[in-house]
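Have a look at coords_0.txt below; it lists compact mmCIF, C-alpha atoms.
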# COMPACT_ATOMS: atom_id res chain seq x y z
CA MET A 1 0.00 0.00 0.00
CA LEU A 2 1.26 3.44 -0.91
CA LEU A 3 1.26 5.68 2.12
CA LEU A 4 1.26 9.45 2.23
CA PRO A 5 4.05 11.23 4.07
CA LYS A 6 3.12 13.41 7.05
CA PHE A 7 1.89 16.96 6.44
CA ASP A 8 -0.39 19.56 8.00
CA TYR A 9 -3.71 20.55 6.49
CA GLU A 10 -5.94 23.60 6.71
CA GLU A 11 -9.23 24.69 5.16
CA PRO A 12 -9.31 28.48 5.23
CA LYS A 13 -12.82 29.91 4.95
CA SER A 14 -12.09 32.77 2.56
CA LEU A 15 -9.70 33.56 -0.25
CA PRO A 16 -7.92 36.40 1.64
CA GLU A 17 -7.36 34.00 4.55
CA ALA A 18 -6.01 31.36 2.15
CA LEU A 19 -3.70 33.82 0.41
CA ALA A 20 -2.37 35.12 3.73
CA MET A 21 -1.73 31.54 4.84
CA LEU A 22 0.13 30.67 1.62
CA SER A 23 2.19 33.84 1.80
CA GLU A 24 3.23 33.00 5.36
CA LEU A 25 4.10 29.41 4.42
CA LYS A 26 6.39 30.66 1.65
CA GLY A 27 7.37 27.61 -0.44
CA ASN A 28 6.26 25.05 2.15
CA GLY A 29 2.56 25.20 1.40
CA LYS A 30 0.72 23.76 -1.56
CA VAL A 31 -2.88 24.12 -2.64
CA ILE A 32 -4.82 20.88 -2.86
CA ALA A 33 -7.85 20.92 -5.15
CA GLY A 34 -9.02 17.56 -6.54
CA GLY A 35 -5.80 15.90 -5.41
CA THR A 36 -5.83 13.41 -8.28
CA ASP A 37 -2.35 14.44 -9.40
CA LEU A 38 -0.89 15.90 -6.20
CA LEU A 39 -1.69 12.92 -3.96
CA VAL A 40 -0.27 10.47 -6.52
CA ASN A 41 2.97 12.46 -6.61
CA MET A 42 3.06 12.67 -2.82
CA LYS A 43 2.52 8.91 -2.53
CA LYS A 44 5.37 8.35 -4.98
CA GLY A 45 7.52 10.79 -3.02
CA THR A 46 8.18 13.19 -5.90
CA VAL A 47 6.66 16.17 -4.03
CA LYS A 48 6.79 16.62 -0.27
CA PRO A 49 4.81 19.66 0.84
CA ALA A 50 4.87 20.26 4.60
CA PHE A 51 1.46 21.92 4.45
CA LEU A 52 -1.62 21.48 2.27
CA VAL A 53 -4.17 24.27 1.94
CA SER A 54 -7.59 23.19 0.70
CA LEU A 55 -9.86 25.81 -0.82
CA LYS A 56 -13.00 23.66 -0.54
CA LYS A 57 -14.64 26.17 1.83
CA VAL A 58 -13.74 29.20 -0.30
CA GLU A 59 -16.73 30.48 -2.23
CA GLY A 60 -16.68 31.66 -5.83
CA LEU A 61 -14.24 29.11 -7.26
CA ARG A 62 -16.83 26.61 -8.47
CA GLU A 63 -18.88 28.61 -10.92
CA ILE A 64 -19.13 28.66 -14.69
CA ALA A 65 -20.46 32.10 -15.62
CA GLY A 66 -20.92 34.22 -18.71
CA LYS A 67 -18.34 36.98 -19.09
CA ASN A 68 -18.24 39.53 -21.94
CA GLY A 69 -19.81 37.06 -24.33
CA GLY A 70 -17.30 34.40 -23.27
CA LEU A 71 -17.05 32.39 -20.08
CA SER A 72 -15.29 32.53 -16.77
CA VAL A 73 -14.65 29.19 -15.14
CA GLY A 74 -13.69 28.92 -11.47
CA SER A 75 -10.46 27.00 -10.90
CA HIS A 76 -12.21 24.42 -8.68
CA VAL A 77 -14.84 23.47 -11.26
CA THR A 78 -14.37 19.73 -11.79
CA VAL A 79 -13.51 18.20 -15.14
CA SER A 80 -16.80 16.28 -15.18
CA GLU A 81 -18.71 19.52 -14.57
CA ILE A 82 -16.96 21.04 -17.59
CA ALA A 83 -17.60 17.99 -19.78
CA GLY A 84 -21.29 18.06 -18.82
CA SER A 85 -21.92 21.81 -18.76
CA ASP A 86 -24.51 22.91 -21.36
CA ARG A 87 -22.85 26.30 -21.43
CA VAL A 88 -19.42 24.86 -22.22
CA ILE A 89 -20.81 22.34 -24.71
CA SER A 90 -22.67 25.03 -26.66
CA SER A 91 -20.03 27.79 -26.58
CA PHE A 92 -16.75 25.84 -26.44
CA PRO A 93 -17.39 22.25 -27.55
CA VAL A 94 -13.64 21.62 -27.96
CA LEU A 95 -13.12 22.24 -24.25
CA ALA A 96 -15.99 19.90 -23.36
CA ARG A 97 -14.51 17.25 -25.66
CA SER A 98 -11.04 17.52 -24.14
CA ALA A 99 -12.56 17.35 -20.63
CA SER A 100 -14.37 14.14 -21.51
CA CYS A 101 -11.03 12.57 -22.57
CA LEU A 102 -9.33 13.16 -19.21
CA GLY A 103 -8.63 10.18 -16.94
CA SER A 104 -11.71 8.16 -16.02
CA PRO A 105 -15.20 9.11 -14.80
CA LEU A 106 -13.92 8.64 -11.22
CA ILE A 107 -10.94 10.94 -11.79
CA ARG A 108 -13.06 13.53 -13.63
CA ASN A 109 -15.39 13.78 -10.62
CA ARG A 110 -12.49 15.04 -8.48
CA ALA A 111 -9.94 16.58 -10.86
CA THR A 112 -10.32 20.32 -11.41
CA ILE A 113 -9.61 22.58 -14.38
CA GLY A 114 -7.22 24.63 -12.23
CA GLY A 115 -5.35 21.52 -11.15
CA ASN A 116 -5.00 20.28 -14.71
CA ILE A 117 -3.34 23.62 -15.55
CA VAL A 118 -1.04 24.26 -12.58
CA THR A 119 0.45 20.75 -12.57
CA ALA A 120 1.87 21.65 -16.02
CA ARG A 121 2.07 18.10 -17.32
CA PRO A 122 3.23 17.99 -20.98
CA ALA A 123 0.34 15.65 -21.93
CA ALA A 124 -2.42 17.32 -19.87
CA ASP A 125 -5.77 17.25 -21.69
CA LEU A 126 -7.27 20.68 -21.04
CA PRO A 127 -4.37 23.08 -21.84
CA PRO A 128 -4.25 22.46 -25.63
CA ALA A 129 -7.97 23.20 -25.97
CA LEU A 130 -7.74 26.17 -23.61
CA ILE A 131 -4.78 27.62 -25.52
CA ILE A 132 -6.49 27.51 -28.92
CA LEU A 133 -9.53 29.16 -27.30
CA GLY A 134 -7.33 32.05 -26.14
CA ALA A 135 -7.82 31.37 -22.41
CA GLU A 136 -6.35 33.63 -19.77
CA VAL A 137 -5.83 32.67 -16.16
CA GLU A 138 -6.27 34.88 -13.12
CA LEU A 139 -3.51 34.44 -10.52
CA LYS A 140 -4.01 35.90 -7.06
CA ARG A 141 -1.57 36.42 -4.23
CA LYS A 142 -1.85 38.25 -0.93
CA ASP A 143 -1.31 41.73 -2.34
CA LYS A 144 -1.58 41.32 -6.09
CA THR A 145 -3.81 39.94 -8.84
CA ARG A 146 -2.58 39.36 -12.36
CA THR A 147 -4.11 37.89 -15.48
CA VAL A 148 -1.85 36.05 -17.89
CA PRO A 149 -2.53 34.27 -21.19
CA LEU A 150 -2.35 30.48 -20.88
CA ASP A 151 -0.25 30.63 -24.03
CA GLY A 152 3.16 31.22 -22.43
CA PHE A 153 2.07 30.06 -18.96
CA PHE A 154 3.98 26.77 -19.18
CA ARG A 155 7.77 26.66 -18.90
CA GLY A 156 8.46 22.93 -18.95
CA PRO A 157 7.27 19.68 -17.42
CA GLY A 158 5.82 20.56 -14.02
CA SER A 159 6.91 24.17 -14.34
CA SER A 160 4.94 27.33 -15.05
CA VAL A 161 5.00 31.08 -14.43
CA ILE A 162 2.94 30.63 -11.25
CA GLU A 163 4.89 31.86 -8.20
CA ASN A 164 5.00 30.75 -4.60
CA GLY A 165 1.95 32.09 -2.79
CA GLU A 166 -0.07 32.50 -5.98
CA VAL A 167 -3.40 30.74 -6.52
CA LEU A 168 -5.09 30.21 -9.86
CA THR A 169 -8.64 31.43 -9.28
CA GLN A 170 -10.37 31.81 -12.66
CA ILE A 171 -9.97 30.75 -16.26
CA ILE A 172 -11.33 33.34 -18.68
CA LEU A 173 -12.43 32.34 -22.19
CA PRO A 174 -13.07 35.14 -24.68
CA SER A 175 -16.02 34.76 -27.05
CA ALA A 176 -15.01 33.15 -30.33
CA PRO A 177 -15.42 35.14 -33.56
CA PRO A 178 -18.06 34.08 -36.12
CA PHE A 179 -17.23 31.25 -38.55
CA THR A 180 -14.91 29.58 -36.06
CA GLY A 181 -14.64 25.86 -35.49
CA GLY A 182 -12.26 23.57 -33.67
CA ASP A 183 -11.41 20.05 -32.64
CA TYR A 184 -9.38 18.11 -30.09
CA ILE A 185 -8.16 14.58 -30.75
CA LYS A 186 -6.27 12.55 -28.18
CA LEU A 187 -4.48 9.42 -29.28
CA GLY A 188 -4.04 6.76 -26.61
CA HIS A 189 -3.76 3.00 -26.36
CA ARG A 190 -7.17 2.84 -24.73
CA ALA A 191 -10.15 5.13 -24.32
CA ALA A 192 -9.89 5.80 -20.57
CA LEU A 193 -7.22 6.36 -17.92
CA GLU A 194 -4.75 7.21 -20.60
CA ILE A 195 -1.99 9.72 -20.95
CA ALA A 196 -1.88 10.98 -24.53
CA ILE A 197 0.69 9.56 -26.94
CA VAL A 198 -0.08 12.61 -29.05
CA ALA A 199 -2.93 15.09 -28.79
CA VAL A 200 -3.81 17.93 -31.13
CA ALA A 201 -6.16 20.87 -30.72
CA SER A 202 -6.92 23.05 -33.74
CA ARG A 203 -9.11 26.06 -34.39
CA LEU A 204 -9.89 27.84 -37.64
CA THR A 205 -11.69 31.14 -38.20
CA LEU A 206 -12.96 32.05 -41.68
CA ASP A 207 -13.98 35.50 -42.91
CA LYS A 208 -17.20 33.98 -44.27
CA PRO A 209 -18.53 30.42 -44.65
CA ASP A 210 -16.88 29.88 -48.04
CA GLY A 211 -14.09 32.36 -47.37
CA VAL A 212 -10.42 32.38 -46.45
CA ILE A 213 -8.73 31.50 -43.16
CA VAL A 214 -8.26 34.62 -41.04
CA ASP A 215 -7.05 32.87 -37.90
CA ALA A 216 -5.45 29.44 -37.44
CA ARG A 217 -4.35 27.91 -34.17
CA ILE A 218 -2.82 24.46 -33.84
CA VAL A 219 -1.53 23.21 -30.50
CA LEU A 220 0.37 19.94 -30.19
CA SER A 221 0.57 18.05 -26.92
CA ALA A 222 2.87 15.30 -25.61
CA VAL A 223 5.42 15.97 -28.37
CA ALA A 224 7.48 18.67 -26.60
CA PRO A 225 8.25 19.65 -22.97
CA THR A 226 5.04 21.71 -22.95
CA ALA A 227 2.03 22.04 -25.24
CA ILE A 228 3.34 23.99 -28.25
CA HIS A 229 2.01 25.82 -31.27
CA ALA A 230 2.70 24.30 -34.66
CA VAL A 231 4.02 27.69 -35.70
CA SER A 232 4.91 27.07 -39.33
CA ALA A 233 1.71 25.10 -39.91
CA GLU A 234 -0.36 27.98 -38.53
CA LYS A 235 1.54 30.45 -40.70
CA THR A 236 0.95 28.52 -43.89
CA LEU A 237 -2.81 28.46 -43.33
CA MET A 238 -3.25 32.20 -42.78
CA GLY A 239 -5.04 34.08 -45.53
CA GLN A 240 -5.49 30.90 -47.58
CA ARG A 241 -8.59 29.28 -48.93
CA PRO A 242 -9.05 25.98 -47.04
CA SER A 243 -8.54 22.76 -48.98
CA GLU A 244 -7.38 19.23 -48.28
CA GLU A 245 -4.08 19.95 -50.04
CA LEU A 246 -3.50 23.01 -47.85
CA PHE A 247 -4.27 20.99 -44.71
CA ALA A 248 -1.89 18.23 -45.85
CA LYS A 249 0.84 20.83 -46.31
CA ALA A 250 0.13 22.33 -42.86
CA ALA A 251 0.16 18.85 -41.29
CA SER A 252 3.58 18.00 -42.74
CA LEU A 253 4.94 21.37 -41.55
CA ALA A 254 3.53 20.63 -38.04
CA VAL A 255 5.74 17.53 -37.91
CA GLY A 256 8.78 19.81 -38.12
CA ASP A 257 7.40 22.05 -35.39
CA CYS A 258 7.49 19.37 -32.68
CA SER A 259 10.29 17.52 -30.88
CA PRO A 260 8.85 14.25 -29.56
CA ILE A 261 10.76 11.76 -27.45
CA THR A 262 10.61 7.97 -27.45
CA ASP A 263 9.15 6.60 -24.25
CA ILE A 264 6.97 3.78 -22.97
CA ARG A 265 3.89 5.24 -24.68
CA GLY A 266 5.30 5.57 -28.17
CA GLY A 267 8.32 6.15 -30.35
CA ALA A 268 9.36 9.57 -31.61
CA GLU A 269 8.90 8.49 -35.24
CA TYR A 270 5.41 7.20 -34.55
CA ARG A 271 4.52 10.40 -32.73
CA ARG A 272 5.67 12.48 -35.71
CA ASP A 273 3.50 10.42 -38.04
CA MET A 274 0.54 10.81 -35.74
CA VAL A 275 1.05 14.58 -35.52
CA ASN A 276 0.71 14.61 -39.31
CA THR A 277 -2.49 12.56 -39.24
CA LEU A 278 -4.14 14.31 -36.30
CA VAL A 279 -3.40 17.83 -37.51
CA LYS A 280 -5.10 16.99 -40.80
CA ARG A 281 -8.11 15.45 -39.07
CA THR A 282 -8.58 18.27 -36.57
CA LEU A 283 -8.36 20.87 -39.34
CA LEU A 284 -11.01 19.09 -41.43
CA LYS A 285 -13.37 18.98 -38.46
CA ALA A 286 -12.57 22.59 -37.52
CA LEU A 287 -13.36 23.66 -41.08
CA SER A 288 -16.68 21.86 -41.24
CA ASP A 289 -17.69 23.32 -37.85
CA ALA A 290 -16.57 26.80 -38.88
CA ARG A 291 -18.73 26.60 -42.01
CA ASP A 292 -21.72 25.20 -40.13
CA MET A 293 -21.69 27.59 -37.22
CA LYS A 294 -22.69 31.11 -37.83
CA GLY A 295 -21.37 32.63 -34.70
CA GLY A 296 -18.88 32.29 -32.01
CA ASN A 297 -18.57 28.58 -31.48
CA ALA A 298 -15.30 26.75 -31.13
CA MET B 1 -2.00 17.09 14.18
CA LYS B 2 -5.23 15.13 13.97
CA LYS B 3 -8.36 16.85 12.71
CA LEU B 4 -11.86 16.14 13.87
CA ILE B 5 -14.21 15.50 10.96
CA THR B 6 -17.90 14.75 10.77
CA PHE B 7 -19.31 12.89 7.80
CA THR B 8 -22.18 10.63 6.91
CA VAL B 9 -21.40 7.12 5.71
CA ASN B 10 -24.27 4.87 4.59
CA ASP B 11 -26.77 7.11 6.41
CA ILE B 12 -24.88 7.02 9.71
CA GLU B 13 -23.15 10.15 10.98
CA TYR B 14 -19.61 9.64 12.24
CA GLU B 15 -17.21 11.90 14.08
CA VAL B 16 -13.63 10.76 13.62
CA ALA B 17 -10.25 12.22 14.53
CA VAL B 18 -7.97 11.67 11.55
CA ALA B 19 -4.38 12.47 10.70
CA PRO B 20 -4.25 14.64 7.53
CA ASN B 21 -2.20 12.05 5.65
CA ARG B 22 -4.82 9.30 5.89
CA THR B 23 -6.94 8.65 2.85
CA LEU B 24 -10.67 8.12 2.84
CA THR B 25 -10.03 4.47 1.91
CA GLN B 26 -7.90 3.98 5.01
CA VAL B 27 -10.38 5.64 7.37
CA LEU B 28 -13.35 3.72 5.96
CA ARG B 29 -11.49 0.43 6.33
CA ASP B 30 -9.44 0.93 9.48
CA ASP B 31 -11.58 3.27 11.60
CA LEU B 32 -15.09 2.41 10.42
CA ASN B 33 -14.33 -1.24 9.69
CA LEU B 34 -16.08 -1.01 6.31
CA LEU B 35 -13.90 -3.56 4.57
CA GLY B 36 -15.92 -3.73 1.36
CA THR B 37 -13.94 -0.81 -0.05
CA LYS B 38 -10.71 -2.23 -1.45
CA GLU B 39 -7.37 -0.61 -2.09
CA GLY B 40 -5.81 -1.78 -5.33
CA CYS B 41 -3.30 0.48 -7.01
CA GLY B 42 -3.56 3.44 -4.62
CA VAL B 43 -3.06 5.95 -7.44
CA GLY B 44 -6.48 6.21 -9.08
CA ASP B 45 -5.97 3.76 -11.91
CA CYS B 46 -7.96 0.68 -10.85
CA GLY B 47 -11.15 1.89 -9.18
CA ALA B 48 -11.22 -0.85 -6.50
CA CYS B 49 -11.57 1.92 -3.90
CA THR B 50 -14.60 3.54 -5.54
CA VAL B 51 -17.13 5.13 -3.17
CA ILE B 52 -19.98 7.53 -3.87
CA MET B 53 -19.11 10.94 -2.42
CA ASP B 54 -21.86 13.56 -2.45
CA GLY B 55 -23.63 11.67 -5.22
CA LYS B 56 -20.62 11.04 -7.43
CA PRO B 57 -18.33 8.01 -7.75
CA VAL B 58 -14.74 8.84 -6.82
CA ASN B 59 -11.44 7.06 -6.11
CA SER B 60 -11.35 7.11 -2.30
CA CYS B 61 -7.58 6.39 -2.36
CA LEU B 62 -7.13 9.90 -3.81
CA VAL B 63 -9.35 11.68 -1.31
CA LEU B 64 -7.91 12.71 2.02
CA ALA B 65 -10.24 11.75 4.84
CA VAL B 66 -10.05 15.38 6.03
CA GLN B 67 -11.32 16.48 2.62
CA ALA B 68 -14.41 14.32 3.15
CA GLY B 69 -15.46 16.32 6.23
CA GLY B 70 -19.10 17.37 5.79
CA SER B 71 -19.63 14.93 2.91
CA THR B 72 -22.13 12.15 2.44
CA ILE B 73 -20.49 8.86 1.48
CA LYS B 74 -21.96 5.62 0.26
CA THR B 75 -19.85 2.47 0.26
CA ILE B 76 -20.72 -1.00 -1.02
CA GLU B 77 -22.11 -1.80 2.45
CA GLY B 78 -24.80 0.83 1.89
CA VAL B 79 -26.07 -0.44 -1.46
CA ALA B 80 -28.45 -3.23 -0.37
CA SER B 81 -31.59 -2.33 1.55
CA GLY B 82 -31.54 -4.56 4.61
CA ASP B 83 -31.46 -8.15 3.41
CA SER B 84 -32.55 -7.46 -0.14
CA LEU B 85 -29.81 -6.91 -2.65
CA HIS B 86 -29.82 -4.04 -5.12
CA PRO B 87 -30.80 -5.22 -8.65
CA VAL B 88 -27.20 -4.62 -9.79
CA GLN B 89 -25.92 -6.86 -6.98
CA GLU B 90 -28.47 -9.53 -7.90
CA THR B 91 -27.55 -9.59 -11.56
CA PHE B 92 -23.81 -9.57 -10.80
CA VAL B 93 -24.31 -12.71 -8.69
CA GLU B 94 -26.66 -14.45 -11.11
CA MET B 95 -24.85 -13.69 -14.33
CA GLY B 96 -21.28 -14.50 -13.37
CA ALA B 97 -20.09 -10.90 -13.30
CA ILE B 98 -18.02 -11.72 -10.20
CA GLN B 99 -14.95 -13.90 -10.25
CA CYS B 100 -12.31 -13.02 -7.67
CA GLY B 101 -14.53 -10.20 -6.41
CA PHE B 102 -11.86 -7.59 -5.73
CA CYS B 103 -13.18 -5.11 -8.28
CA THR B 104 -16.85 -5.88 -7.56
CA PRO B 105 -17.62 -3.23 -4.90
CA GLY B 106 -16.24 -0.49 -7.15
CA MET B 107 -17.95 -1.88 -10.25
CA ILE B 108 -21.30 -2.04 -8.47
CA LEU B 109 -20.98 1.50 -7.11
CA SER B 110 -20.06 2.92 -10.53
CA ALA B 111 -22.92 0.94 -12.09
CA THR B 112 -25.58 2.01 -9.57
CA SER B 113 -24.43 5.58 -9.92
CA LEU B 114 -24.83 5.33 -13.71
CA LEU B 115 -28.32 3.82 -13.47
CA GLU B 116 -29.46 6.57 -11.11
CA LYS B 117 -28.52 9.22 -13.67
CA ASN B 118 -29.29 7.22 -16.77
CA PRO B 119 -31.74 4.34 -16.12
CA HIS B 120 -31.52 2.95 -19.67
CA PRO B 121 -27.92 3.23 -20.79
CA THR B 122 -26.61 1.85 -24.07
CA GLU B 123 -23.83 -0.74 -23.97
CA GLN B 124 -21.37 2.02 -24.86
CA GLU B 125 -22.60 4.19 -21.99
CA VAL B 126 -22.20 1.28 -19.55
CA ARG B 127 -18.65 0.63 -20.75
CA GLN B 128 -17.82 4.31 -20.47
CA ALA B 129 -19.26 4.59 -16.94
CA LEU B 130 -17.18 1.59 -15.85
CA SER B 131 -14.02 2.70 -17.64
CA GLY B 132 -12.35 3.74 -14.38
CA ASN B 133 -12.90 0.31 -12.82
CA LEU B 134 -10.50 -2.40 -13.89
CA CYS B 135 -11.31 -6.11 -13.74
CA ARG B 136 -8.54 -8.64 -14.39
CA CYS B 137 -10.80 -11.73 -14.37
CA THR B 138 -14.01 -11.38 -16.29
CA GLY B 139 -13.08 -9.65 -19.52
CA TYR B 140 -15.91 -7.19 -18.70
CA GLN B 141 -18.53 -8.79 -20.94
CA LYS B 142 -20.52 -10.38 -18.12
CA ILE B 143 -20.24 -7.22 -16.05
CA VAL B 144 -21.68 -5.11 -18.86
CA GLU B 145 -24.46 -7.67 -19.42
CA ALA B 146 -25.28 -7.70 -15.70
CA VAL B 147 -25.62 -3.91 -15.62
CA GLN B 148 -27.87 -3.98 -18.69
CA GLU B 149 -30.02 -6.73 -17.17
CA ALA B 150 -30.30 -4.76 -13.91
CA SER B 151 -31.44 -1.76 -15.95
CA ARG B 152 -34.18 -3.89 -17.53
CA ARG B 153 -35.30 -5.24 -14.15
CA MET B 154 -35.39 -1.80 -12.58
CA LYS B 155 -37.64 -0.61 -15.39
CA GLY B 156 -40.30 -3.22 -14.53

Would you kindly transcribe this structure into structure tokens?
Amino acid sequence: MLLLPKFDYEEPKSLPEALAMLSELKGNGKVIAGGTDLLVNMKKGTVKPAFLVSLKKVEGLREIAGKNGGLSVGSHVTVSEIAGSDRVISSFPVLARSASCLGSPLIRNRATIGGNIVTARPAADLPPALIILGAEVELKRKDKTRTVPLDGFFRGPGSSVIENGEVLTQIILPSAPPFTGGDYIKLGHRAALEIAIVAVASRLTLDKPDGVIVDARIVLSAVAPTAIHAVSAEKTLMGQRPSEELFAKAASLAVGDCSPITDIRGGAEYRRDMVNTLVKRTLLKALSDARDMKGGNA
Amino acid sequence: MKKLITFTVNDIEYEVAVAPNRTLTQVLRDDLNLLGTKEGCGVGDCGACTVIMDGKPVNSCLVLAVQAGGSTIKTIEGVASGDSLHPVQETFVEMGAIQCGFCTPGMILSATSLLEKNPHPTEQEVRQALSGNLCRCTGYQKIVEAVQEASRRMKG
């Protein structure tokens, strides 16, 4: 049986109280949300916080609300709540789809959107979808609040711009422009409890249903130390009229944009091939959704 | 330092002093003597430790007991009503959905939770709902059939 090391635990009743507590603890305190990643790492001995701060009694972190035509999602909203939210499904179906790919139903009932971001795992399911949707995250500390784009938030495996004493409180999703569509495909050996071999999130915006591409976002996951943009693939799509040939060209450029490793889940060569395939597939779906949807859905 | 928590397990309210590093699985088994909840992998992969927490199935090996303060928990011991088994328990027994039995409590809790939300699931929906519960004996087919049969019986 895997045992947890000793630590102290508190449940502050308000956010200011929690932030004061974390500031006092300096680097020794860690926030526990769903615990589905943190407790595994603590059982394996890879992280050893002396103090866990739970925000379960803090109000205002569990809501999905409309904000400026987009959405704000509290950091403690669970992954199953996101996957099942009518609001998310209708406005940001790609996010709902990526949420439904995470872990298992049991994990999704505990894991939170905030947790899936701050753990900064290279193969995490929600960040690629959130990045193509232009998500920003609100980070609060005792005396300061800042909002940063999720694009650029990650520094490497397990590492992000979040500082000691900071808490991720909200995820903000701007409304999507008209004629926008997207897709997220996760490739794994099985359908549940799987860490992606490769995952791709893509979003296309057209100027009109049969028009040219005015915005293209492709994010590749599990093929670099963090989720990355397929920069040259995105560039080649801009201003062009969508076609299968164009998508094939973008997909082969995306292969050059990533730097996969060989590990237990798959070889680097295989991952490159799958980047090619999945980029093409996500772009085709993004295009058909962009043409079908008149306004603001991705 | 131990924390005093109050929670409801199978309709009984308990007050327990727990060390922060003890999981809900450990407290259910060691303090409450509810040995139906099993610990398999301990890292959320196998689902043997499944319990229903505030209406949702979760891996109790990844919940700190202190986090369960104020919650309502149902374990496998709370599924039958008195001496009469739940339809899912009945069909598991009758249809050979149990072999070694280690995964069974978790399977049954995930299945009952599915049928409460979705009384007439498709085969795909059953498989999806049980995808966090691993069984190394049955090959799943009989488990899926038992859940579907329980759904039919509950309809009548």

Task: Pick from A:Pro105, A:Gly60, A:Pro157, A:Pro49 nearest to chain B, counting only C-alpha atoms - done: A:Pro105

- [ ] Output the contact residues of chain A with respect to chain B at a cut-off of 7 Å, based on all atoms listed in the file, as a list in words.
- [x]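 So the residues of chain A near chain B are Met1, Leu2, Leu4, Pro5, Lys6, Phe7, Asp8, Tyr9, Gly35, Thr36, Leu39, Val40, Ser104, Pro105, Leu106, Ile107, Asn109, Arg110, Ala192 and Leu193 of chain A.
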
Task: Which of A:Glu245, A:Asp125, A:Glu63, A:Glu81 sits closest to Gln170 (chain A) [using all atoms listed in the file] - done: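 Smallest distance to Gln170 (chain A) is found for A:Glu63.
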
TODO: Skip region 16-28 of chain A itself and residues of its chain fewer than 2 positions away, then list as JSON, numbers by chain all residues within 10 Å of it, counting all atoms listed in the file.
DONE: {"A": [10, 11, 12, 13, 14, 30, 31, 48, 49, 50, 51, 52, 53, 54, 55, 58, 140, 141, 142, 143, 163, 164, 165, 166, 167]}

How would the residues just chosen look if you wrote them out with C-alpha atoms as an mmCIF file, in the coordinates of the input?
data_model
loop_
_atom_site.group_PDB
_atom_site.id
_atom_site.type_symbol
_atom_site.label_atom_id
_atom_site.label_comp_id
_atom_site.auth_asym_id
_atom_site.auth_seq_id
_atom_site.Cartn_x
_atom_site.Cartn_y
_atom_site.Cartn_z
ATOM 1 C CA GLU A 10 -5.940 23.600 6.710
ATOM 2 C CA GLU A 11 -9.230 24.690 5.160
ATOM 3 C CA PRO A 12 -9.310 28.480 5.230
ATOM 4 C CA LYS A 13 -12.820 29.910 4.950
ATOM 5 C CA SER A 14 -12.090 32.770 2.560
ATOM 6 C CA LYS A 30 0.720 23.760 -1.560
ATOM 7 C CA VAL A 31 -2.880 24.120 -2.640
ATOM 8 C CA LYS A 48 6.790 16.620 -0.270
ATOM 9 C CA PRO A 49 4.810 19.660 0.840
ATOM 10 C CA ALA A 50 4.870 20.260 4.600
ATOM 11 C CA PHE A 51 1.460 21.920 4.450
ATOM 12 C CA LEU A 52 -1.620 21.480 2.270
ATOM 13 C CA VAL A 53 -4.170 24.270 1.940
ATOM 14 C CA SER A 54 -7.590 23.190 0.700
ATOM 15 C CA LEU A 55 -9.860 25.810 -0.820
ATOM 16 C CA VAL A 58 -13.740 29.200 -0.300
ATOM 17 C CA LYS A 140 -4.010 35.900 -7.060
ATOM 18 C CA ARG A 141 -1.570 36.420 -4.230
ATOM 19 C CA LYS A 142 -1.850 38.250 -0.930
ATOM 20 C CA ASP A 143 -1.310 41.730 -2.340
ATOM 21 C CA GLU A 163 4.890 31.860 -8.200
ATOM 22 C CA ASN A 164 5.000 30.750 -4.600
ATOM 23 C CA GLY A 165 1.950 32.090 -2.790
ATOM 24 C CA GLU A 166 -0.070 32.500 -5.980
ATOM 25 C CA VAL A 167 -3.400 30.740 -6.520
#

Task: Nearby residues (all atoms listed in the file) at most 7 Å from region 82-99 of chain B, same-chain spacing under 4 positions excluded, as a ChimeraX atom specification - done: /B:104,108,112,137-138,142-143,146-147,149-150,154

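CA of Cys49 (chain B) is positioned 22.0 Å from CA of Lys56 (chain A).
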
- [ ] Within 10 Å of Gly69 (chain B), counting only C-alpha atoms, which residues show up once you throw out same-chain ones fewer than 6 positions away? Write them as a list in words, please.
- [x]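 In the requested format, the answer is Lys3, Leu4, Ile5, Thr6, Phe7, Thr8, Tyr14, Glu15 and Val16 of chain B.
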
Deliver the residues from the most recent selection as a file, using C-alpha atoms, as a PDB file, in the coordinates of the input.
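For reference, result_10.pdb as written:
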ATOM      1  CA  LYS B   3      -8.360  16.850  12.710  1.00  0.00           C
ATOM      2  CA  LEU B   4     -11.860  16.140  13.870  1.00  0.00           C
ATOM      3  CA  ILE B   5     -14.210  15.500  10.960  1.00  0.00           C
ATOM      4  CA  THR B   6     -17.900  14.750  10.770  1.00  0.00           C
ATOM      5  CA  PHE B   7     -19.310  12.890   7.800  1.00  0.00           C
ATOM      6  CA  THR B   8     -22.180  10.630   6.910  1.00  0.00           C
ATOM      7  CA  TYR B  14     -19.610   9.640  12.240  1.00  0.00           C
ATOM      8  CA  GLU B  15     -17.210  11.900  14.080  1.00  0.00           C
ATOM      9  CA  VAL B  16     -13.630  10.760  13.620  1.00  0.00           C
TER      10      VAL B  16
END

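Counting from CA of Lys57 (chain A), the distance to CA of Ser71 (chain B) is 12.3 Å.
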
Leaving out Ile172 (chain A) and any residue of its chain fewer than 5 positions from it, which residues lie within 6 Å of it when counting all atoms listed in the file, given as a compact mmCIF listing (two decimals) with C-alpha atoms, keeping the file's coordinate frame?
# COMPACT_ATOMS: atom_id res chain seq x y z
CA LEU A 71 -17.05 32.39 -20.08
CA SER A 72 -15.29 32.53 -16.77
CA ALA A 135 -7.82 31.37 -22.41
CA GLU A 136 -6.35 33.63 -19.77

TODO: State, in Å with one decimal place, the distance from CA of Gly256 (chain A) to CA of Ala201 (chain A).
DONE: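 Pair CA of Gly256 (chain A) / CA of Ala201 (chain A) returns 16.7 Å.
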